[in-house]
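Peer 1: Just run.pdb, nothing more (PDB, C-alpha atoms, pLDDT in the B column):
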```
MODEL        1
ATOM      1  CA  GLY A  45       1.877   2.074 -27.612  1.00 45.00           C
ATOM      2  CA  THR A  46       5.373   0.725 -27.732  1.00 44.00           C
ATOM      3  CA  PRO A  47       7.334   1.353 -24.508  1.00 44.00           C
ATOM      4  CA  THR A  48      10.434   3.505 -24.721  1.00 42.00           C
ATOM      5  CA  PRO A  49      13.352   3.850 -22.278  1.00 42.00           C
ATOM      6  CA  THR A  50      11.787   7.032 -20.892  1.00 41.00           C
ATOM      7  CA  ASP A  51       8.626   5.160 -19.834  1.00 38.00           C
ATOM      8  CA  LYS A  52      10.407   3.634 -16.848  1.00 36.00           C
ATOM      9  CA  PRO A  53      13.231   5.487 -15.103  1.00 35.00           C
ATOM     10  CA  THR A  54      15.332   2.616 -13.734  1.00 35.00           C
ATOM     11  CA  LEU A  55      16.872   0.625 -16.556  1.00 34.00           C
ATOM     12  CA  TYR A  56      19.267  -2.233 -16.497  1.00 37.00           C
ATOM     13  CA  SER A  57      21.325  -0.081 -18.832  1.00 38.00           C
ATOM     14  CA  ASN A  58      24.028  -2.458 -20.082  1.00 39.00           C
ATOM     15  CA  PHE A  59      21.442  -5.010 -21.157  1.00 41.00           C
ATOM     16  CA  PHE A  60      19.209  -2.380 -22.727  1.00 40.00           C
ATOM     17  CA  GLN A  61      22.157  -0.852 -24.604  1.00 40.00           C
ATOM     18  CA  MET A  62      23.115  -4.283 -25.898  1.00 41.00           C
ATOM     19  CA  ILE A  63      19.664  -5.081 -27.252  1.00 40.00           C
ATOM     20  CA  SER A  64      19.258  -1.537 -28.610  1.00 40.00           C
ATOM     21  CA  LYS A  65      22.392  -1.962 -30.715  1.00 41.00           C
ATOM     22  CA  GLU A  66      21.732  -5.568 -31.690  1.00 41.00           C
ATOM     23  CA  PRO A  67      18.054  -6.461 -31.284  1.00 39.00           C
ATOM     24  CA  THR A  68      18.664  -9.852 -32.868  1.00 40.00           C
ATOM     25  CA  LEU A  69      20.899 -10.895 -29.945  1.00 40.00           C
ATOM     26  CA  HIS A  70      17.888 -11.771 -27.828  1.00 42.00           C
ATOM     27  CA  PRO A  71      15.013 -13.868 -29.237  1.00 42.00           C
ATOM     28  CA  ILE A  72      12.329 -12.392 -26.960  1.00 42.00           C
ATOM     29  CA  LEU A  73      13.179  -8.765 -26.357  1.00 42.00           C
ATOM     30  CA  THR A  74      13.328  -6.027 -28.961  1.00 37.00           C
ATOM     31  CA  LYS A  75      15.085  -2.704 -28.814  1.00 33.00           C
ATOM     32  CA  TYR A  76      11.873  -1.201 -27.419  1.00 35.00           C
ATOM     33  CA  ASP A  77      11.593  -3.542 -24.447  1.00 40.00           C
ATOM     34  CA  VAL A  78      12.561  -2.071 -21.117  1.00 40.00           C
ATOM     35  CA  VAL A  79      14.149  -4.283 -18.478  1.00 43.00           C
ATOM     36  CA  ASN A  80      13.983  -2.872 -14.952  1.00 41.00           C
ATOM     37  CA  GLN A  81      15.935  -3.735 -11.871  1.00 41.00           C
ATOM     38  CA  ASP A  82      13.789  -4.257  -8.810  1.00 43.00           C
ATOM     39  CA  GLN A  83      14.629  -2.696  -5.423  1.00 47.00           C
ATOM     40  CA  THR A  84      17.062  -5.504  -4.603  1.00 47.00           C
ATOM     41  CA  GLY A  85      18.980  -4.889  -7.837  1.00 45.00           C
ATOM     42  CA  GLN A  86      17.803  -8.177  -9.338  1.00 46.00           C
ATOM     43  CA  ILE A  87      16.747  -8.412 -12.963  1.00 48.00           C
ATOM     44  CA  PRO A  88      13.061  -9.350 -13.089  1.00 53.00           C
ATOM     45  CA  PRO A  89      11.804 -12.319 -15.106  1.00 57.00           C
ATOM     46  CA  LEU A  90      11.794 -11.907 -18.874  1.00 77.00           C
ATOM     47  CA  PHE A  91       8.539 -11.403 -20.732  1.00 84.00           C
ATOM     48  CA  CYS A  92       7.495 -14.329 -22.938  1.00 90.00           C
ATOM     49  CA  ASN A  93       4.812 -15.570 -25.277  1.00 88.00           C
ATOM     50  CA  ARG A  94       5.202 -19.352 -24.976  1.00 89.00           C
ATOM     51  CA  ASP A  95       6.968 -21.928 -22.805  1.00 91.00           C
ATOM     52  CA  SER A  96       9.763 -22.449 -25.345  1.00 88.00           C
ATOM     53  CA  ASP A  97      10.791 -18.773 -24.906  1.00 87.00           C
ATOM     54  CA  CYS A  98      12.029 -19.616 -21.404  1.00 89.00           C
ATOM     55  CA  ALA A  99      15.021 -21.529 -20.052  1.00 87.00           C
ATOM     56  CA  SER A 100      12.640 -22.994 -17.436  1.00 88.00           C
ATOM     57  CA  ASN A 101      10.183 -23.953 -20.210  1.00 91.00           C
ATOM     58  CA  SER A 102       7.542 -22.153 -18.109  1.00 92.00           C
ATOM     59  CA  CYS A 103       5.846 -19.011 -19.443  1.00 94.00           C
ATOM     60  CA  ALA A 104       2.944 -17.870 -17.244  1.00 94.00           C
ATOM     61  CA  TYR A 105       1.338 -14.877 -15.519  1.00 94.00           C
ATOM     62  CA  ASP A 106       3.432 -13.538 -12.630  1.00 93.00           C
ATOM     63  CA  SER A 107       0.353 -12.947 -10.435  1.00 94.00           C
ATOM     64  CA  TYR A 108      -3.404 -13.513 -10.438  1.00 94.00           C
ATOM     65  CA  SER A 109      -4.312 -10.174 -11.958  1.00 93.00           C
ATOM     66  CA  THR A 110      -5.843  -9.118 -15.255  1.00 92.00           C
ATOM     67  CA  ASP A 111      -3.011  -6.537 -15.382  1.00 91.00           C
ATOM     68  CA  ALA A 112      -0.270  -9.165 -14.909  1.00 91.00           C
ATOM     69  CA  SER A 113       2.296  -9.928 -17.596  1.00 89.00           C
ATOM     70  CA  GLU A 114       3.351 -13.307 -18.865  1.00 92.00           C
ATOM     71  CA  VAL A 115       6.938 -13.908 -17.768  1.00 92.00           C
ATOM     72  CA  CYS A 116       9.465 -16.728 -17.688  1.00 92.00           C
ATOM     73  CA  CYS A 117       8.846 -18.463 -14.346  1.00 92.00           C
ATOM     74  CA  GLU A 118      11.789 -19.468 -12.196  1.00 89.00           C
ATOM     75  CA  GLY A 119      10.225 -22.898 -11.799  1.00 89.00           C
ATOM     76  CA  ASP A 120       6.939 -24.505 -12.711  1.00 92.00           C
ATOM     77  CA  TYR A 121       3.473 -23.039 -13.240  1.00 94.00           C
ATOM     78  CA  HIS A 122      -0.067 -23.873 -12.147  1.00 95.00           C
ATOM     79  CA  SER A 123      -2.892 -24.025 -14.721  1.00 95.00           C
ATOM     80  CA  MET A 124      -6.402 -22.960 -13.749  1.00 92.00           C
ATOM     81  CA  PHE A 125      -9.634 -21.554 -15.144  1.00 91.00           C
ATOM     82  CA  THR A 126     -10.096 -17.794 -15.129  1.00 92.00           C
ATOM     83  CA  PHE A 127     -13.440 -16.220 -15.888  1.00 90.00           C
ATOM     84  CA  SER A 128     -14.484 -13.241 -17.985  1.00 91.00           C
ATOM     85  CA  THR A 129     -16.872 -12.318 -15.149  1.00 88.00           C
ATOM     86  CA  ASP A 130     -13.727 -11.670 -13.031  1.00 85.00           C
ATOM     87  CA  GLY A 131     -12.315  -9.260 -15.625  1.00 90.00           C
ATOM     88  CA  TRP A 132     -10.256 -11.652 -17.771  1.00 90.00           C
ATOM     89  CA  PRO A 133     -10.694 -11.106 -21.534  1.00 91.00           C
ATOM     90  CA  THR A 134     -12.190 -14.599 -21.941  1.00 92.00           C
ATOM     91  CA  THR A 135     -13.100 -17.565 -19.771  1.00 93.00           C
ATOM     92  CA  ASP A 136     -10.148 -19.861 -20.338  1.00 94.00           C
ATOM     93  CA  ILE A 137      -7.388 -21.907 -18.733  1.00 94.00           C
ATOM     94  CA  ARG A 138      -4.428 -19.670 -17.840  1.00 95.00           C
ATOM     95  CA  LYS A 139      -1.046 -20.481 -16.346  1.00 96.00           C
ATOM     96  CA  PHE A 140       0.405 -18.785 -13.244  1.00 96.00           C
ATOM     97  CA  CYS A 141       3.961 -18.998 -11.942  1.00 95.00           C
ATOM     98  CA  GLN A 142       4.278 -20.965  -8.711  1.00 95.00           C
ATOM     99  CA  ASP A 143       6.392 -20.158  -5.641  1.00 95.00           C
ATOM    100  CA  ARG A 144       5.353 -16.495  -5.649  1.00 95.00           C
ATOM    101  CA  PRO A 145       6.427 -14.332  -2.676  1.00 95.00           C
ATOM    102  CA  ILE A 146       4.230 -12.946   0.096  1.00 94.00           C
ATOM    103  CA  GLY A 147       2.043 -10.133  -1.191  1.00 95.00           C
ATOM    104  CA  THR A 148       1.620 -11.529  -4.722  1.00 94.00           C
ATOM    105  CA  LEU A 149      -1.993 -11.512  -5.928  1.00 94.00           C
ATOM    106  CA  CYS A 150      -3.247 -15.116  -6.000  1.00 92.00           C
ATOM    107  CA  GLY A 151      -7.054 -15.000  -6.270  1.00 89.00           C
ATOM    108  CA  VAL A 152      -8.001 -17.948  -4.048  1.00 87.00           C
ATOM    109  CA  THR A 153      -5.307 -20.342  -5.289  1.00 90.00           C
ATOM    110  CA  ASP A 154      -2.716 -21.620  -2.790  1.00 93.00           C
ATOM    111  CA  ALA A 155      -0.674 -23.284  -5.574  1.00 93.00           C
ATOM    112  CA  ILE A 156       0.603 -19.890  -6.752  1.00 93.00           C
ATOM    113  CA  CYS A 157       2.173 -19.020  -3.370  1.00 95.00           C
ATOM    114  CA  ALA A 158       5.543 -20.251  -2.075  1.00 95.00           C
ATOM    115  CA  SER A 159       3.917 -20.410   1.378  1.00 95.00           C
ATOM    116  CA  SER A 160       0.912 -22.379   0.006  1.00 93.00           C
ATOM    117  CA  ALA A 161      -1.271 -19.762   1.711  1.00 92.00           C
ATOM    118  CA  CYS A 162      -3.445 -17.494  -0.438  1.00 92.00           C
ATOM    119  CA  VAL A 163      -5.291 -15.294   2.078  1.00 91.00           C
ATOM    120  CA  GLU A 164      -7.868 -12.700   1.026  1.00 90.00           C
ATOM    121  CA  GLY A 165      -6.435 -12.669  -2.505  1.00 90.00           C
ATOM    122  CA  ALA A 166      -2.702 -12.332  -1.744  1.00 92.00           C
ATOM    123  CA  CYS A 167       0.074 -14.729  -0.772  1.00 94.00           C
ATOM    124  CA  ALA A 168       0.530 -14.706   3.008  1.00 92.00           C
ATOM    125  CA  GLU A 169       2.793 -16.393   5.535  1.00 92.00           C
ATOM    126  CA  ALA A 170      -0.025 -18.630   6.768  1.00 90.00           C
ATOM    127  CA  LYS A 171      -3.785 -19.176   6.632  1.00 90.00           C
ATOM    128  CA  ARG A 172      -6.008 -17.355   9.121  1.00 86.00           C
ATOM    129  CA  SER A 173      -6.792 -19.083  12.409  1.00 85.00           C
ATOM    130  CA  ILE A 174     -10.203 -19.883  13.868  1.00 84.00           C
ATOM    131  CA  GLY A 175     -11.808 -16.632  15.056  1.00 84.00           C
ATOM    132  CA  GLU A 176      -9.918 -14.331  12.666  1.00 85.00           C
ATOM    133  CA  SER A 177     -11.960 -12.369  10.122  1.00 85.00           C
ATOM    134  CA  CYS A 178     -12.225 -13.693   6.566  1.00 80.00           C
ATOM    135  CA  THR A 179     -14.048 -13.260   3.285  1.00 82.00           C
ATOM    136  CA  PHE A 180     -13.142 -16.511   1.488  1.00 80.00           C
ATOM    137  CA  ASP A 181     -13.125 -20.125   2.735  1.00 82.00           C
ATOM    138  CA  ASN A 182      -9.669 -20.472   1.222  1.00 79.00           C
ATOM    139  CA  SER A 183      -8.266 -17.818   3.595  1.00 82.00           C
ATOM    140  CA  CYS A 184      -8.841 -20.022   6.647  1.00 84.00           C
ATOM    141  CA  SER A 185      -6.763 -22.864   8.060  1.00 86.00           C
ATOM    142  CA  THR A 186     -10.001 -24.880   8.280  1.00 83.00           C
ATOM    143  CA  ASN A 187     -11.102 -23.893   4.739  1.00 82.00           C
ATOM    144  CA  LYS A 188     -14.351 -22.643   6.308  1.00 84.00           C
ATOM    145  CA  CYS A 189     -15.212 -18.955   6.598  1.00 83.00           C
ATOM    146  CA  GLY A 190     -18.466 -18.069   8.323  1.00 80.00           C
ATOM    147  CA  TYR A 191     -20.172 -16.031  11.005  1.00 78.00           C
ATOM    148  CA  ASN A 192     -19.184 -16.789  14.583  1.00 72.00           C
ATOM    149  CA  SER A 193     -22.831 -16.708  15.703  1.00 70.00           C
ATOM    150  CA  TYR A 194     -26.331 -16.235  14.349  1.00 71.00           C
ATOM    151  CA  SER A 195     -26.981 -12.531  14.706  1.00 67.00           C
ATOM    152  CA  THR A 196     -27.485  -9.494  12.499  1.00 70.00           C
ATOM    153  CA  ASP A 197     -24.318  -8.053  14.142  1.00 66.00           C
ATOM    154  CA  ALA A 198     -22.130 -11.172  13.748  1.00 56.00           C
ATOM    155  CA  SER A 199     -18.777 -10.945  11.989  1.00 55.00           C
TER     156      SER A 199
ENDMDL
END
```
I need this file expressed as structure tokens, please.
Peer 2:
Amino acid sequence: GTPTPTDKPTLYSNFFQMISKEPTLHPILTKYDVVNQDQTGQIPPLFCNRDSDCASNSCAYDSYSTDASEVCCEGDYHSMFTFSTDGWPTTDIRKFCQDRPIGTLCGVTDAICASSACVEGACAEAKRSIGESCTFDNSCSTNKCGYNSYSTDAS
């Protein structure tokens, strides 16, 4: 359904009050949109439907997740295929904000991360070194993930 102010406890109240009184003051948000402050007190990116909704001219998913929202990116975005077999509604090209912080879900795509290191599905400070455990080639500094020896016990 439509979100209400009671859906999320921390509101950026002045902004919400403004758009509640005059929903035509903002071309994207309606009086039912809730704008939260994050833990640092910063206003998060605005939700959008198309690039022209954003001052940066970049509207994209904020992380590589089927639950992610499309938001106005601070900078540019990266376009890539997503697949219905991975839970996306359709197999299609989708856009993802770049320069995402450590911990942001990134699939296996370094271009989403500010650190250029997508490790085991999340932005990390750096790729894993030789000898560290991995699941995806992309997680490794060598772009090769494999067993350290031929054995049924190898990891």
Peer 1: What would the selection look like, as a count of residues only, if the PyMOL selection byres ((chain A and resi 121-138) around 7) were run on the coordinates I just shared?
Peer 2: 11
Peer 1: Grab the atom CA of Gly147 of chain A to atom CA of Ser100 of chain A distance for me, in Å with one decimal place.
Peer 2: 23.3 Å
Peer 1: Could you tell me how far atom CA of Leu90 of chain A sits from atom CA of Glu114 of chain A, in Å to one decimal place?
Peer 2: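 The value is 8.6 Å.
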Peer 1: Quick one, how far is atom CA of Arg94 of chain A from atom CA of Arg144 of chain A?
Peer 2: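 Atom CA of Arg94 of chain A sits 19.5 Å away from atom CA of Arg144 of chain A.
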Peer 1: Given the PyMOL selection byres ((chain A and resi 158-171) around 9) and the file above, list the residues it selects as a VMD selection string.
Peer 2: chain A and resid 108 142 to 157 172 to 173 178 to 180 182 to 187
Peer 1: Name the closest residue to Ala112 of chain A among the candidates A:Cys98, A:Phe91, A:Ile174, A:Gly190; distances are taken between atoms, counting only C-alpha atoms.
Peer 2: A:Phe91
